[in-house]
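Chemist: Structure in structure tokens, see below.
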Amino acid sequence: MARKLTLVKGASQRGALVYGMRLFEQTGIAAVDEAHVTLADGSSGRVTMHLIEGTRAQIRRQLMRSIDAFFELLDES
């Protein structure tokens, strides 16, 4: 079922992106909390959930910018 990630010399590091998405009516949101992830070694981590409001086109545009920014920050580290 679960595979171990193996780093091979010269190969790109592999990872898993955990992402959740659901579209709600704008007035239906009271709060957005963090999601919890349990890792294979038993430790846990948190995934920050984000809230983007607007029309479908505005949400899509902002989501694409956010994804681009995420990978730019990831490439810097």
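In the structure tokens, chains take the letters A, B, ... in the order shown, each chain's residues start at 1, and ligands count up from 1 in the order shown.
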Please, which residues of chain A, numbered as in this document, come out strand (DSSP E or B) from DSSP, as a list in words?
Modeler: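 Residues of chain A classed as strand (DSSP E or B): Ala35, His36, Val37, Thr38, Ser44, Gly45, Arg46 and Val47 of chain A.
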Chemist: What does the file look like for those residues with N, CA and C atoms, as an mmCIF file, in the first residue's frame?
Modeler:
```cif
data_model
loop_
_atom_site.group_PDB
_atom_site.id
_atom_site.type_symbol
_atom_site.label_atom_id
_atom_site.label_comp_id
_atom_site.auth_asym_id
_atom_site.auth_seq_id
_atom_site.Cartn_x
_atom_site.Cartn_y
_atom_site.Cartn_z
ATOM 1 N N ALA A 35 -5.461 21.217 9.128
ATOM 2 C CA ALA A 35 -5.660 19.768 9.049
ATOM 3 C C ALA A 35 -4.435 19.081 9.650
ATOM 4 N N HIS A 36 -4.630 17.903 10.184
ATOM 5 C CA HIS A 36 -3.544 17.139 10.797
ATOM 6 C C HIS A 36 -3.181 15.960 9.906
ATOM 7 N N VAL A 37 -1.876 15.700 9.812
ATOM 8 C CA VAL A 37 -1.363 14.599 9.012
ATOM 9 C C VAL A 37 -0.521 13.712 9.916
ATOM 10 N N THR A 38 -0.744 12.401 9.867
ATOM 11 C CA THR A 38 0.095 11.454 10.597
ATOM 12 C C THR A 38 1.061 10.831 9.605
ATOM 13 N N SER A 44 3.504 13.548 13.638
ATOM 14 C CA SER A 44 2.393 14.218 12.974
ATOM 15 C C SER A 44 2.814 15.611 12.538
ATOM 16 N N GLY A 45 2.067 16.150 11.621
ATOM 17 C CA GLY A 45 2.317 17.491 11.124
ATOM 18 C C GLY A 45 0.997 18.171 10.847
ATOM 19 N N ARG A 46 1.082 19.440 10.489
ATOM 20 C CA ARG A 46 -0.130 20.206 10.200
ATOM 21 C C ARG A 46 -0.076 20.724 8.778
ATOM 22 N N VAL A 47 -1.211 20.821 8.165
ATOM 23 C CA VAL A 47 -1.353 21.402 6.842
ATOM 24 C C VAL A 47 -2.249 22.620 7.003
#
```
Chemist: Neighbours of region 23-29 of chain A within 10 Å (only C-alpha atoms; same-chain residues fewer than 3 positions away dropped), as a list of chain:residue names?
Modeler: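 What passes the distance filter is A:Val32, A:Leu51, A:Ile52, A:Glu53, A:Gly54, A:Thr55, A:Arg56, A:Ile59.
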Chemist: Restricting it to C-alpha atoms, dump the selection as a PDB file, in the first residue's frame.
Modeler:
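So the final result, stored in part15.pdb, reads:
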```pdb
ATOM      1  CA  VAL A  32     -10.932  27.581   8.561  1.00  0.00           C
ATOM      2  CA  LEU A  51      -9.561  30.480   2.221  1.00  0.00           C
ATOM      3  CA  ILE A  52      -9.991  32.277  -1.110  1.00  0.00           C
ATOM      4  CA  GLU A  53     -13.227  34.187  -1.728  1.00  0.00           C
ATOM      5  CA  GLY A  54     -14.650  35.561  -4.954  1.00  0.00           C
ATOM      6  CA  THR A  55     -16.154  34.427  -8.222  1.00  0.00           C
ATOM      7  CA  ARG A  56     -15.059  31.120  -9.743  1.00  0.00           C
ATOM      8  CA  ILE A  59     -10.763  31.936  -7.081  1.00  0.00           C
TER       9      ILE A  59
END
```
Chemist: To test your reading of the structure, identify every residue in chain A that backbone DSSP assigns to alpha helix (DSSP H), and report it as number ranges by chain.
Modeler: A: 56-76
Chemist: Next, the residues of the selection above should be written as a PDB file, in the first residue's frame with C-alpha atoms.
Modeler:
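result.pdb was written with the following content:
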```pdb
ATOM      1  CA  ARG A  56     -15.059  31.120  -9.743  1.00  0.00           C
ATOM      2  CA  ALA A  57     -12.734  33.014 -12.097  1.00  0.00           C
ATOM      3  CA  GLN A  58     -11.224  35.049  -9.226  1.00  0.00           C
ATOM      4  CA  ILE A  59     -10.763  31.936  -7.081  1.00  0.00           C
ATOM      5  CA  ARG A  60      -9.108  30.053  -9.950  1.00  0.00           C
ATOM      6  CA  ARG A  61      -6.758  32.974 -10.699  1.00  0.00           C
ATOM      7  CA  GLN A  62      -5.729  33.327  -7.035  1.00  0.00           C
ATOM      8  CA  LEU A  63      -5.321  29.556  -6.613  1.00  0.00           C
ATOM      9  CA  MET A  64      -2.975  29.384  -9.628  1.00  0.00           C
ATOM     10  CA  ARG A  65      -0.926  32.291  -8.230  1.00  0.00           C
ATOM     11  CA  SER A  66      -0.763  30.563  -4.850  1.00  0.00           C
ATOM     12  CA  ILE A  67       0.420  27.299  -6.407  1.00  0.00           C
ATOM     13  CA  ASP A  68       3.108  29.142  -8.400  1.00  0.00           C
ATOM     14  CA  ALA A  69       4.276  30.985  -5.263  1.00  0.00           C
ATOM     15  CA  PHE A  70       4.386  27.709  -3.290  1.00  0.00           C
ATOM     16  CA  PHE A  71       6.725  26.099  -5.813  1.00  0.00           C
ATOM     17  CA  GLU A  72       8.879  29.232  -6.103  1.00  0.00           C
ATOM     18  CA  LEU A  73       9.398  29.205  -2.321  1.00  0.00           C
ATOM     19  CA  LEU A  74      10.071  25.465  -2.395  1.00  0.00           C
ATOM     20  CA  ASP A  75      12.729  25.917  -5.107  1.00  0.00           C
ATOM     21  CA  GLU A  76      14.513  28.574  -3.016  1.00  0.00           C
TER      22      GLU A  76
END
```
Chemist: What does the distance from CA of Gly15 (chain A) to CA of Ser77 (chain A) come to in Å, to one decimal?
Modeler: 14.6 Å
Chemist: In Å, how far is it from CA of Glu34 (chain A) to CA of Arg14 (chain A)?
Modeler: 24.0 Å
